[in-house]
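Let me begin by presenting the structure, written as structure tokens, before commenting on it.
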Amino acid sequence: RRHGGVCCQKKKMATISEMYDVGWEEMRDKLRKWREDNCRNSEQIVDVGEELISEHASKLGDDVWIIYEQVMIAALDCSRDDLALTCLQELRKQFPDSHRVKRLSGMRLEALERYDEANKHYEAILQDDPTNTAARKRKISILKAQGKNAEAIRELNEYLEQFVGDQEAWHELSELYINEHDYGKAAFCLEELMMTNPHNHLYCEQYAEVKYTQGGLENLELSRKYFAQALRLNNRNMRALFGLYMLAGRGTKESKCSMKAVEEMLESMQITMS
Amino acid sequence: MPIQLTSQAYCKMVLHAAKYPHSAVNGLLVAEKMKEKKKESHWEPVLCVDCVPLFHGTLALAPMLEVALTLIDTWCKENNYVIVGYYQANEHTKDSRPNQVAEKVAARISENFSEAAIVMVDNSRLRMSCFEPIVHIYDHHENKWKSREVTFDCFEDWSEAQKITSALLEGRSYESLIDFDNHLDDLRNDWTNPVINKSVLDLC
């Protein structure tokens, strides 16, 4: 979270509804789509959500609460603590004892880098409800934010022993391992994901990338196999296609990838570079 | 030969970092290929005329980086450019040191251009106005990457770079910045960023 003062204090010259000629229903639907797709386009969420809340809150019915939550998190991303606090206060009023809202309070403290206080919030939740996965994951996020990658990895591994089906956690762990250049363990996480999601082309393709990075004959063979699999699952996965071409050049006399092969591929796809 | 940044190179780097505030980002810096006789002068700064934003998120995987290097190499040859540097903005706000990925890519670039530099974006100072340059520049000396003092001489025209970067940040131009990852998601996305290049030109 890097913006600092970047998103604050912009004078809006026109409202979202004016600029894009949309009504409040379209704005609400857009927010829903972004929730469903788990997009992190925080500036847009803040723009649309802030207007929706301030002008049309009464029309939103029960949706308003989930929108407050969504906008609050986006506001934290944009350093809009004013907006985040407004949303949080509405949620606190409506759901005074909620763990879910307490977690949001914790997230606000994280955004303000008050990690010790945030941890206390999460520990309080876990005291009450030891199975609260959201609080555990926030604690791990704090470790990540503090640059304590080794600890984050350890905690995440422990978490996964208990919650072995949590895909988001497996994926997060694979990324942590990749950042630590521990490709073998990253591959293991992706294998878990591929087992439970055999039709997900993205996991296959990421696994292939990890294997490629590890290098060595066996790994490159696996890489080729999984790039091909990804392409079979989704023939528009360009990373998989490019991966296959990179591997096609190997095993020949050239030690580097054959540029000619890549050029031929580009020609066949009729890509022109400016 | 120290590197120098044009407004276009600098602002696209900063826009890339601004587009993905929660991720690490990286990219390549290119300069015009020098004619043979100029190579002898070691005091001429190498002018980075442009940059190519590469990836955001996980930077430590090899295959797409190799694809990018291959394709960008071809583009460089067509435009008489040479890759002279690498930039990176880390995931953590407070961490602006080059890591293993940065060193590896820079080493690769050094194979073709011996004075390759690493430019690290200082996240903690990224603001709308950015009155001071927010980069650290590292050169390779005696097997280590050492940070060099960044002065206005590191820019072709700092006040122009500052003005343009501010304007584009404020106008949220980073929303339309294309990196190589975006290109891989949809091949129609053009990583040479002609639209942003034009905006830069218009503001010059």
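Chain labels follow the order of the structure tokens: the first chain is A, the next B, and so on; residue numbering restarts at 1 in every chain, and ligands are counted from 1 in their shown order.
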Residues of chain B within 10 Å of chain A, counting only C-alpha atoms - could you list those as a short mmCIF file (atom, residue, chain, number, x, y, z; two decimals) with all heavy atoms, in the first residue's frame?
data_model
loop_
_atom_site.label_atom_id
_atom_site.label_comp_id
_atom_site.auth_asym_id
_atom_site.auth_seq_id
_atom_site.Cartn_x
_atom_site.Cartn_y
_atom_site.Cartn_z
N ALA B 17 4.57 2.26 -11.03
CA ALA B 17 4.53 2.03 -9.59
C ALA B 17 3.19 2.49 -9.01
O ALA B 17 2.62 1.83 -8.14
CB ALA B 17 5.69 2.75 -8.91
N ALA B 18 2.69 3.61 -9.53
CA ALA B 18 1.43 4.16 -9.00
C ALA B 18 0.23 3.31 -9.39
O ALA B 18 -0.76 3.24 -8.67
CB ALA B 18 1.23 5.59 -9.50
N LYS B 19 0.33 2.64 -10.53
CA LYS B 19 -0.81 1.84 -10.99
C LYS B 19 -1.03 0.64 -10.08
O LYS B 19 -2.16 0.20 -9.88
CB LYS B 19 -0.57 1.36 -12.43
CG LYS B 19 -1.77 0.64 -13.02
CD LYS B 19 -1.52 0.15 -14.45
CE LYS B 19 -2.79 -0.52 -14.98
NZ LYS B 19 -2.59 -1.20 -16.26
N TYR B 20 0.04 0.09 -9.54
CA TYR B 20 -0.06 -1.11 -8.70
C TYR B 20 0.54 -0.84 -7.33
O TYR B 20 1.61 -1.36 -7.00
CB TYR B 20 0.66 -2.29 -9.37
CG TYR B 20 0.05 -2.67 -10.70
CD1 TYR B 20 0.68 -2.34 -11.90
CD2 TYR B 20 -1.17 -3.34 -10.76
CE1 TYR B 20 0.11 -2.67 -13.12
CE2 TYR B 20 -1.74 -3.68 -11.97
CZ TYR B 20 -1.10 -3.34 -13.16
OH TYR B 20 -1.66 -3.67 -14.36
N PRO B 21 -0.15 -0.04 -6.53
CA PRO B 21 0.43 0.35 -5.24
C PRO B 21 0.63 -0.81 -4.28
O PRO B 21 1.45 -0.72 -3.37
CB PRO B 21 -0.58 1.36 -4.68
CG PRO B 21 -1.84 1.10 -5.41
CD PRO B 21 -1.47 0.55 -6.75
N HIS B 22 -0.07 -1.91 -4.51
CA HIS B 22 0.05 -3.01 -3.57
C HIS B 22 0.97 -4.12 -4.08
O HIS B 22 1.04 -5.18 -3.49
CB HIS B 22 -1.33 -3.59 -3.29
CG HIS B 22 -2.09 -3.90 -4.54
ND1 HIS B 22 -2.84 -2.97 -5.23
CD2 HIS B 22 -2.19 -5.03 -5.26
CE1 HIS B 22 -3.38 -3.53 -6.30
NE2 HIS B 22 -3.00 -4.77 -6.35
N SER B 23 1.63 -3.87 -5.22
CA SER B 23 2.50 -4.91 -5.78
C SER B 23 3.88 -4.37 -6.08
O SER B 23 4.07 -3.18 -6.23
CB SER B 23 1.94 -5.41 -7.11
OG SER B 23 0.67 -5.92 -6.96
N GLY B 57 3.43 -7.70 -9.40
CA GLY B 57 3.10 -8.86 -8.57
C GLY B 57 4.33 -9.73 -8.34
O GLY B 57 5.33 -9.28 -7.80
N THR B 58 4.25 -10.97 -8.79
CA THR B 58 5.39 -11.87 -8.58
C THR B 58 6.43 -11.62 -9.66
O THR B 58 6.17 -11.84 -10.83
CB THR B 58 4.90 -13.34 -8.70
OG1 THR B 58 3.63 -13.42 -8.08
CG2 THR B 58 5.86 -14.28 -8.03
N LEU B 59 7.59 -11.19 -9.25
CA LEU B 59 8.62 -10.86 -10.23
C LEU B 59 9.64 -11.97 -10.41
O LEU B 59 10.48 -11.92 -11.29
CB LEU B 59 9.37 -9.58 -9.81
CG LEU B 59 8.53 -8.34 -9.54
CD1 LEU B 59 9.45 -7.18 -9.18
CD2 LEU B 59 7.69 -7.97 -10.76
N ALA B 60 9.57 -12.97 -9.54
CA ALA B 60 10.68 -13.92 -9.48
C ALA B 60 10.52 -15.17 -10.32
O ALA B 60 11.10 -16.20 -10.02
CB ALA B 60 10.92 -14.31 -8.01
N LEU B 61 9.74 -15.10 -11.38
CA LEU B 61 9.62 -16.27 -12.26
C LEU B 61 10.28 -15.98 -13.61
O LEU B 61 10.19 -14.88 -14.13
CB LEU B 61 8.15 -16.65 -12.45
CG LEU B 61 7.48 -17.21 -11.19
CD1 LEU B 61 6.00 -17.44 -11.42
CD2 LEU B 61 8.15 -18.51 -10.77
N ALA B 62 10.91 -17.03 -14.16
CA ALA B 62 11.75 -16.85 -15.34
C ALA B 62 11.08 -16.79 -16.72
O ALA B 62 11.47 -15.97 -17.55
CB ALA B 62 12.81 -17.94 -15.35
N PRO B 63 10.13 -17.68 -17.01
CA PRO B 63 9.74 -17.79 -18.42
C PRO B 63 9.21 -16.51 -19.06
O PRO B 63 9.63 -16.16 -20.16
CB PRO B 63 8.68 -18.90 -18.43
CG PRO B 63 8.30 -19.13 -17.02
CD PRO B 63 9.41 -18.66 -16.17
N MET B 64 8.30 -15.81 -18.41
CA MET B 64 7.72 -14.63 -19.05
C MET B 64 8.75 -13.52 -19.14
O MET B 64 8.71 -12.69 -20.06
CB MET B 64 6.46 -14.16 -18.30
CG MET B 64 5.35 -15.20 -18.37
SD MET B 64 4.98 -15.74 -20.06
CE MET B 64 5.22 -17.52 -19.92
N GLU B 66 11.87 -14.06 -19.82
CA GLU B 66 12.64 -14.40 -21.01
C GLU B 66 11.87 -14.06 -22.28
O GLU B 66 12.45 -13.58 -23.26
CB GLU B 66 13.03 -15.88 -20.99
CG GLU B 66 14.06 -16.15 -19.91
CD GLU B 66 14.66 -17.54 -19.99
OE1 GLU B 66 14.54 -18.17 -21.06
OE2 GLU B 66 15.22 -17.98 -18.98
N VAL B 67 10.57 -14.30 -22.27
CA VAL B 67 9.75 -13.93 -23.42
C VAL B 67 9.85 -12.42 -23.64
O VAL B 67 10.07 -11.96 -24.76
CB VAL B 67 8.27 -14.31 -23.19
CG1 VAL B 67 7.39 -13.78 -24.31
CG2 VAL B 67 8.12 -15.81 -23.09
N ALA B 68 9.68 -11.67 -22.55
CA ALA B 68 9.73 -10.21 -22.65
C ALA B 68 11.07 -9.76 -23.19
O ALA B 68 11.13 -8.93 -24.11
CB ALA B 68 9.46 -9.59 -21.28
N THR B 70 13.17 -11.31 -25.01
CA THR B 70 13.30 -11.68 -26.42
C THR B 70 12.53 -10.70 -27.30
O THR B 70 13.07 -10.17 -28.29
CB THR B 70 12.75 -13.11 -26.65
OG1 THR B 70 13.39 -13.98 -25.75
CG2 THR B 70 13.01 -13.56 -28.08
N LEU B 71 11.27 -10.45 -26.96
CA LEU B 71 10.45 -9.58 -27.80
C LEU B 71 10.94 -8.13 -27.75
O LEU B 71 10.96 -7.43 -28.77
CB LEU B 71 8.98 -9.65 -27.37
CG LEU B 71 8.32 -11.00 -27.62
CD1 LEU B 71 6.90 -11.00 -27.09
CD2 LEU B 71 8.31 -11.33 -29.11
N ILE B 72 11.34 -7.70 -26.56
CA ILE B 72 11.80 -6.32 -26.43
C ILE B 72 13.13 -6.13 -27.15
O ILE B 72 13.40 -5.08 -27.73
CB ILE B 72 11.89 -5.92 -24.94
CG1 ILE B 72 10.47 -5.87 -24.37
CG2 ILE B 72 12.57 -4.57 -24.75
CD1 ILE B 72 10.41 -5.83 -22.86
N ASP B 73 13.94 -7.18 -27.14
CA ASP B 73 15.19 -7.15 -27.89
C ASP B 73 14.93 -6.87 -29.37
O ASP B 73 15.62 -6.06 -30.00
CB ASP B 73 15.86 -8.51 -27.73
CG ASP B 73 17.35 -8.35 -27.62
OD1 ASP B 73 17.79 -7.35 -27.01
OD2 ASP B 73 18.06 -9.21 -28.16
N THR B 74 13.96 -7.57 -29.91
CA THR B 74 13.60 -7.39 -31.33
C THR B 74 13.15 -5.95 -31.56
O THR B 74 13.57 -5.30 -32.52
CB THR B 74 12.47 -8.35 -31.72
OG1 THR B 74 12.87 -9.67 -31.40
CG2 THR B 74 12.15 -8.24 -33.20
N TRP B 75 12.30 -5.45 -30.69
CA TRP B 75 11.81 -4.09 -30.80
C TRP B 75 12.95 -3.08 -30.73
O TRP B 75 13.00 -2.11 -31.48
CB TRP B 75 10.79 -3.85 -29.68
CG TRP B 75 10.29 -2.45 -29.53
CD1 TRP B 75 9.39 -1.81 -30.32
CD2 TRP B 75 10.61 -1.55 -28.48
NE1 TRP B 75 9.14 -0.54 -29.85
CE2 TRP B 75 9.89 -0.35 -28.71
CE3 TRP B 75 11.45 -1.61 -27.37
CZ2 TRP B 75 9.96 0.75 -27.86
CZ3 TRP B 75 11.53 -0.52 -26.52
CH2 TRP B 75 10.80 0.65 -26.77
N GLU B 78 14.80 -2.91 -33.95
CA GLU B 78 14.05 -2.17 -34.97
C GLU B 78 14.13 -0.67 -34.75
O GLU B 78 14.01 0.12 -35.69
CB GLU B 78 12.59 -2.59 -34.97
CG GLU B 78 12.37 -3.99 -35.52
CD GLU B 78 10.99 -4.52 -35.17
OE1 GLU B 78 10.19 -3.77 -34.58
OE2 GLU B 78 10.74 -5.70 -35.50
N ASN B 79 14.28 -0.25 -33.47
CA ASN B 79 14.27 1.17 -33.17
C ASN B 79 15.64 1.73 -32.82
O ASN B 79 15.76 2.84 -32.33
CB ASN B 79 13.32 1.43 -32.00
CG ASN B 79 11.88 1.21 -32.39
OD1 ASN B 79 11.26 2.07 -32.98
ND2 ASN B 79 11.37 0.04 -32.09
N ASN B 90 9.67 -2.12 -5.09
CA ASN B 90 9.36 -3.27 -4.25
C ASN B 90 7.94 -3.22 -3.72
O ASN B 90 7.29 -2.18 -3.73
CB ASN B 90 10.35 -3.36 -3.09
CG ASN B 90 11.74 -3.77 -3.56
OD1 ASN B 90 11.87 -4.51 -4.53
ND2 ASN B 90 12.76 -3.30 -2.88
N GLU B 91 7.51 -4.37 -3.19
CA GLU B 91 6.16 -4.46 -2.65
C GLU B 91 6.03 -3.62 -1.38
O GLU B 91 5.01 -2.97 -1.14
CB GLU B 91 5.85 -5.92 -2.35
CG GLU B 91 4.39 -6.18 -2.05
CD GLU B 91 4.11 -7.65 -1.75
OE1 GLU B 91 5.06 -8.44 -1.70
OE2 GLU B 91 2.94 -7.99 -1.57
N HIS B 92 7.08 -3.63 -0.58
CA HIS B 92 7.03 -2.91 0.69
C HIS B 92 7.38 -1.45 0.52
O HIS B 92 8.35 -1.10 -0.13
CB HIS B 92 7.99 -3.54 1.69
CG HIS B 92 7.43 -4.77 2.32
ND1 HIS B 92 7.70 -6.02 1.83
CD2 HIS B 92 6.59 -4.94 3.35
CE1 HIS B 92 7.06 -6.92 2.56
NE2 HIS B 92 6.38 -6.29 3.49
N THR B 93 6.58 -0.60 1.16
CA THR B 93 6.79 0.84 1.07
C THR B 93 8.17 1.23 1.51
O THR B 93 8.81 2.10 0.94
CB THR B 93 5.78 1.58 1.96
OG1 THR B 93 4.54 0.92 1.88
CG2 THR B 93 5.61 3.00 1.51
N LYS B 94 8.63 0.59 2.58
CA LYS B 94 9.87 1.08 3.18
C LYS B 94 11.12 0.42 2.61
O LYS B 94 12.22 0.75 3.01
CB LYS B 94 9.82 0.84 4.69
CG LYS B 94 8.64 1.55 5.33
CD LYS B 94 8.80 1.70 6.84
CE LYS B 94 7.72 2.59 7.40
NZ LYS B 94 6.51 1.83 7.80
N ASP B 95 10.95 -0.50 1.69
CA ASP B 95 12.10 -1.22 1.20
C ASP B 95 12.45 -0.79 -0.21
O ASP B 95 11.72 -1.07 -1.15
CB ASP B 95 11.79 -2.73 1.23
CG ASP B 95 12.94 -3.55 0.70
OD1 ASP B 95 14.07 -3.03 0.59
OD2 ASP B 95 12.71 -4.73 0.39
N GLN B 100 17.39 -9.96 -5.19
CA GLN B 100 18.01 -10.95 -6.07
C GLN B 100 17.50 -10.85 -7.50
O GLN B 100 18.25 -11.00 -8.46
CB GLN B 100 17.69 -12.34 -5.51
CG GLN B 100 18.67 -13.39 -5.93
CD GLN B 100 18.35 -14.73 -5.29
OE1 GLN B 100 17.90 -14.77 -4.15
NE2 GLN B 100 18.56 -15.79 -6.01
N VAL B 101 16.20 -10.60 -7.64
CA VAL B 101 15.62 -10.49 -8.98
C VAL B 101 16.28 -9.34 -9.73
O VAL B 101 16.71 -9.48 -10.87
CB VAL B 101 14.10 -10.24 -8.91
CG1 VAL B 101 13.53 -10.04 -10.30
CG2 VAL B 101 13.41 -11.40 -8.22
N ASP B 122 11.65 4.74 -4.97
CA ASP B 122 11.48 4.86 -3.52
C ASP B 122 9.99 5.06 -3.21
O ASP B 122 9.47 6.18 -3.29
CB ASP B 122 12.31 6.05 -3.00
CG ASP B 122 12.29 6.12 -1.49
OD1 ASP B 122 11.46 5.45 -0.85
OD2 ASP B 122 13.11 6.87 -0.94
N ASN B 123 9.33 3.96 -2.87
CA ASN B 123 7.89 4.01 -2.65
C ASN B 123 7.47 4.99 -1.58
O ASN B 123 6.42 5.61 -1.66
CB ASN B 123 7.39 2.63 -2.20
CG ASN B 123 7.71 1.58 -3.19
OD1 ASN B 123 7.60 1.80 -4.38
ND2 ASN B 123 8.12 0.42 -2.71
N SER B 124 8.30 5.09 -0.55
CA SER B 124 7.87 5.91 0.59
C SER B 124 7.75 7.38 0.22
O SER B 124 7.12 8.14 0.94
CB SER B 124 8.83 5.73 1.76
OG SER B 124 10.12 6.19 1.38
N ARG B 125 8.35 7.75 -0.91
CA ARG B 125 8.27 9.16 -1.27
C ARG B 125 7.34 9.41 -2.47
O ARG B 125 7.32 10.50 -3.03
CB ARG B 125 9.66 9.71 -1.60
CG ARG B 125 10.54 9.79 -0.35
CD ARG B 125 11.83 10.51 -0.61
NE ARG B 125 12.72 9.73 -1.45
CZ ARG B 125 13.65 10.28 -2.24
NH1 ARG B 125 13.77 11.59 -2.33
NH2 ARG B 125 14.43 9.51 -2.97
N LEU B 126 6.58 8.40 -2.84
CA LEU B 126 5.70 8.57 -4.00
C LEU B 126 4.50 9.42 -3.61
O LEU B 126 3.70 9.05 -2.78
CB LEU B 126 5.25 7.19 -4.51
CG LEU B 126 4.27 7.14 -5.67
CD1 LEU B 126 4.74 7.98 -6.85
CD2 LEU B 126 4.09 5.71 -6.13
N ARG B 127 4.42 10.59 -4.22
CA ARG B 127 3.31 11.50 -3.97
C ARG B 127 2.83 12.04 -5.30
O ARG B 127 3.50 11.90 -6.30
CB ARG B 127 3.79 12.71 -3.12
CG ARG B 127 4.28 12.38 -1.74
CD ARG B 127 3.14 12.15 -0.79
NE ARG B 127 3.60 11.88 0.55
CZ ARG B 127 4.00 10.69 0.98
NH1 ARG B 127 4.02 9.67 0.18
NH2 ARG B 127 4.39 10.53 2.23
N MET B 128 1.72 12.74 -5.28
CA MET B 128 1.21 13.37 -6.50
C MET B 128 2.22 14.34 -7.10
O MET B 128 2.42 14.40 -8.30
CB MET B 128 -0.05 14.19 -6.20
CG MET B 128 -1.25 13.35 -6.05
SD MET B 128 -1.77 12.67 -7.63
CE MET B 128 -3.51 12.87 -7.40
N SER B 129 2.82 15.12 -6.22
CA SER B 129 3.64 16.21 -6.74
C SER B 129 5.09 15.82 -6.94
O SER B 129 5.73 16.28 -7.86
CB SER B 129 3.55 17.40 -5.80
OG SER B 129 3.69 16.92 -4.48
N CYS B 130 5.62 14.93 -6.09
CA CYS B 130 6.98 14.44 -6.25
C CYS B 130 7.97 15.53 -6.60
O CYS B 130 8.57 15.51 -7.68
CB CYS B 130 7.02 13.38 -7.35
SG CYS B 130 6.38 11.80 -6.81
N LEU B 169 0.14 11.89 -12.99
CA LEU B 169 -0.35 11.21 -11.79
C LEU B 169 -1.70 11.77 -11.40
O LEU B 169 -2.64 11.04 -11.09
CB LEU B 169 0.64 11.40 -10.63
CG LEU B 169 1.86 10.49 -10.63
CD1 LEU B 169 2.81 10.90 -9.51
CD2 LEU B 169 1.46 9.03 -10.45
N GLU B 170 -1.78 13.09 -11.44
CA GLU B 170 -3.01 13.74 -11.05
C GLU B 170 -4.17 13.35 -11.98
O GLU B 170 -5.30 13.16 -11.55
CB GLU B 170 -2.81 15.26 -11.09
CG GLU B 170 -3.79 15.98 -10.25
CD GLU B 170 -3.14 17.13 -9.49
OE1 GLU B 170 -1.90 17.12 -9.33
OE2 GLU B 170 -3.88 18.00 -9.06
N GLY B 171 -3.84 13.25 -13.26
CA GLY B 171 -4.85 12.89 -14.24
C GLY B 171 -5.11 11.39 -14.29
O GLY B 171 -5.87 10.90 -15.11
N ARG B 172 -4.47 10.64 -13.37
CA ARG B 172 -4.64 9.19 -13.29
C ARG B 172 -4.28 8.48 -14.58
O ARG B 172 -4.92 7.47 -14.93
CB ARG B 172 -6.07 8.82 -12.90
CG ARG B 172 -6.43 9.25 -11.50
CD ARG B 172 -7.49 8.34 -10.98
NE ARG B 172 -8.24 8.92 -9.89
CZ ARG B 172 -9.41 8.47 -9.46
NH1 ARG B 172 -9.97 7.44 -10.05
NH2 ARG B 172 -10.01 9.03 -8.45
N GLU B 175 -3.82 4.63 -15.00
CA GLU B 175 -4.87 3.64 -15.25
C GLU B 175 -4.75 3.04 -16.65
O GLU B 175 -5.12 1.90 -16.88
CB GLU B 175 -6.25 4.27 -15.07
CG GLU B 175 -6.60 4.48 -13.61
CD GLU B 175 -7.90 5.25 -13.40
OE1 GLU B 175 -8.57 5.58 -14.40
OE2 GLU B 175 -8.21 5.53 -12.23
N ASP B 181 2.72 -7.68 -18.51
CA ASP B 181 1.68 -8.55 -17.95
C ASP B 181 0.32 -8.25 -18.60
O ASP B 181 -0.42 -9.16 -18.97
CB ASP B 181 1.54 -8.31 -16.43
CG ASP B 181 2.27 -9.39 -15.63
OD1 ASP B 181 2.38 -10.53 -16.13
OD2 ASP B 181 2.72 -9.08 -14.51
N HIS B 183 -0.13 -7.03 -21.46
CA HIS B 183 -0.03 -7.49 -22.85
C HIS B 183 -0.30 -8.99 -22.92
O HIS B 183 -1.02 -9.48 -23.80
CB HIS B 183 1.36 -7.16 -23.38
CG HIS B 183 1.63 -7.66 -24.77
ND1 HIS B 183 1.01 -7.15 -25.89
CD2 HIS B 183 2.46 -8.64 -25.21
CE1 HIS B 183 1.45 -7.78 -26.96
NE2 HIS B 183 2.33 -8.68 -26.59
N LEU B 184 0.27 -9.73 -21.96
CA LEU B 184 0.05 -11.18 -21.96
C LEU B 184 -1.41 -11.52 -21.66
O LEU B 184 -1.92 -12.55 -22.10
CB LEU B 184 0.96 -11.86 -20.93
CG LEU B 184 2.45 -11.84 -21.30
CD1 LEU B 184 3.29 -12.33 -20.14
CD2 LEU B 184 2.73 -12.69 -22.54
N ASP B 185 -2.09 -10.65 -20.92
CA ASP B 185 -3.50 -10.88 -20.65
C ASP B 185 -4.35 -10.63 -21.89
O ASP B 185 -5.38 -11.27 -22.10
CB ASP B 185 -4.00 -9.94 -19.52
CG ASP B 185 -3.42 -10.33 -18.17
OD1 ASP B 185 -3.05 -11.51 -18.00
OD2 ASP B 185 -3.33 -9.45 -17.30
N ASP B 186 -3.92 -9.67 -22.68
CA ASP B 186 -4.64 -9.32 -23.91
C ASP B 186 -3.63 -8.73 -24.88
O ASP B 186 -3.15 -7.62 -24.67
CB ASP B 186 -5.75 -8.31 -23.60
CG ASP B 186 -6.58 -7.96 -24.83
OD1 ASP B 186 -6.11 -8.15 -25.98
OD2 ASP B 186 -7.71 -7.48 -24.64
N LEU B 187 -3.33 -9.49 -25.94
CA LEU B 187 -2.24 -9.09 -26.83
C LEU B 187 -2.46 -7.75 -27.52
O LEU B 187 -1.52 -7.17 -28.07
CB LEU B 187 -2.00 -10.18 -27.89
CG LEU B 187 -1.40 -11.46 -27.33
CD1 LEU B 187 -1.33 -12.53 -28.40
CD2 LEU B 187 0.00 -11.22 -26.78
N ARG B 188 -3.68 -7.27 -27.49
CA ARG B 188 -3.92 -5.97 -28.11
C ARG B 188 -3.34 -4.84 -27.27
O ARG B 188 -3.13 -3.74 -27.76
CB ARG B 188 -5.42 -5.74 -28.32
CG ARG B 188 -6.02 -6.69 -29.34
CD ARG B 188 -7.51 -6.68 -29.29
NE ARG B 188 -8.02 -7.12 -27.99
CZ ARG B 188 -9.32 -7.22 -27.71
NH1 ARG B 188 -10.22 -6.91 -28.63
NH2 ARG B 188 -9.71 -7.63 -26.53
N ASP B 190 -0.74 -2.61 -25.81
CA ASP B 190 0.55 -2.25 -26.41
C ASP B 190 1.53 -1.77 -25.35
O ASP B 190 1.37 -0.67 -24.80
CB ASP B 190 0.31 -1.15 -27.45
CG ASP B 190 1.55 -0.84 -28.27
OD1 ASP B 190 2.66 -1.28 -27.88
OD2 ASP B 190 1.42 -0.16 -29.29
N TRP B 191 2.56 -2.56 -25.07
CA TRP B 191 3.50 -2.21 -23.99
C TRP B 191 4.43 -1.06 -24.36
O TRP B 191 5.20 -0.61 -23.52
CB TRP B 191 4.31 -3.44 -23.56
CG TRP B 191 4.87 -4.28 -24.64
CD1 TRP B 191 4.32 -5.43 -25.14
CD2 TRP B 191 6.07 -4.06 -25.41
NE1 TRP B 191 5.11 -5.93 -26.13
CE2 TRP B 191 6.19 -5.12 -26.32
CE3 TRP B 191 7.06 -3.07 -25.38
CZ2 TRP B 191 7.24 -5.23 -27.21
CZ3 TRP B 191 8.12 -3.18 -26.27
CH2 TRP B 191 8.20 -4.25 -27.18
N THR B 192 4.33 -0.58 -25.59
CA THR B 192 5.14 0.60 -25.90
C THR B 192 4.43 1.87 -25.45
O THR B 192 5.01 2.96 -25.45
CB THR B 192 5.47 0.71 -27.40
OG1 THR B 192 4.24 0.89 -28.11
CG2 THR B 192 6.17 -0.52 -27.90
N ASN B 193 3.15 1.72 -25.03
CA ASN B 193 2.41 2.84 -24.48
C ASN B 193 2.36 4.10 -25.35
O ASN B 193 2.72 5.19 -24.89
CB ASN B 193 2.97 3.21 -23.09
CG ASN B 193 2.58 2.20 -22.06
OD1 ASN B 193 1.44 2.12 -21.63
ND2 ASN B 193 3.54 1.39 -21.64
N PRO B 194 1.90 3.97 -26.59
CA PRO B 194 1.89 5.14 -27.47
C PRO B 194 1.01 6.28 -26.94
O PRO B 194 1.34 7.45 -27.11
CB PRO B 194 1.33 4.59 -28.79
CG PRO B 194 0.65 3.32 -28.44
CD PRO B 194 1.34 2.77 -27.25
#
DSSP on the backbone, helix (DSSP H, G or I) only: what residues of stretch 54-178 of chain A does that give? Format it as a PyMOL selection string. chain A and resi 54-60+63-77+81-94+99-111+115-128+133-145+149-162+167-178
Run DSSP on the backbone and grab whatever in stretch 44-159 of chain B lands in strand (DSSP E or B); send it over as a PyMOL selection string. chain B and resi 46-56+81-89+117-121+135-141+144-148+155
Need to verify the contact set: B:Glu156, 9 Å, only C-alpha atoms, exclusion of same-chain residues closer than 2 positions in sequence. Can you return it as a PyMOL selection string? chain B and resi 4-7+47+152-154+158+160-161
Test item: residues at most 12 Å from B:Val49, only C-alpha atoms, excluding those fewer than 3 positions along its chain, as number ranges by chain: B: 3-13, 28-33, 45-46, 52, 76, 79-85, 155-157, 197
Separation of atom CA of B:Lys144 and atom CA of B:Asp179, in Å? 28.9 Å
Show which residues sit within 9 Å of B:Tyr87, as number ranges by chain. Count only C-alpha atoms, and ignore same-chain residues fewer than 3 positions away. B: 13, 25-29, 51, 53, 102, 117-121
Which residues come within 12 Å of A:Arg35, counting only C-alpha atoms, excluding same-chain residues fewer than 2 positions away, as an MDAnalysis selection string? chainID A and resid 28:33 37:42 45 49 63 66:71 73:74
List the neighbours of stretch 94-97 of chain A out to 9 Å using only C-alpha atoms; skip same-chain residues closer than 5 positions along the sequence, and give me the result as an MDAnalysis selection string. chainID A and resid 65 89 102
Any chance you can output those residues with C-alpha atoms as a short mmCIF file (atom, residue, chain, number, x, y, z; two decimals), in the first residue's frame?
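Generated file (out.cif):
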data_model
loop_
_atom_site.label_atom_id
_atom_site.label_comp_id
_atom_site.auth_asym_id
_atom_site.auth_seq_id
_atom_site.Cartn_x
_atom_site.Cartn_y
_atom_site.Cartn_z
CA TRP A 65 -23.83 -2.88 4.58
CA GLN A 89 -18.83 3.82 12.11
CA LYS A 102 -14.03 -5.95 14.42
#
Quick one: distance from atom CA of A:Ile140 to atom CA of A:Ala152 in Å, one decimal?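 Distance reported for this atom pair: 5.4 Å.
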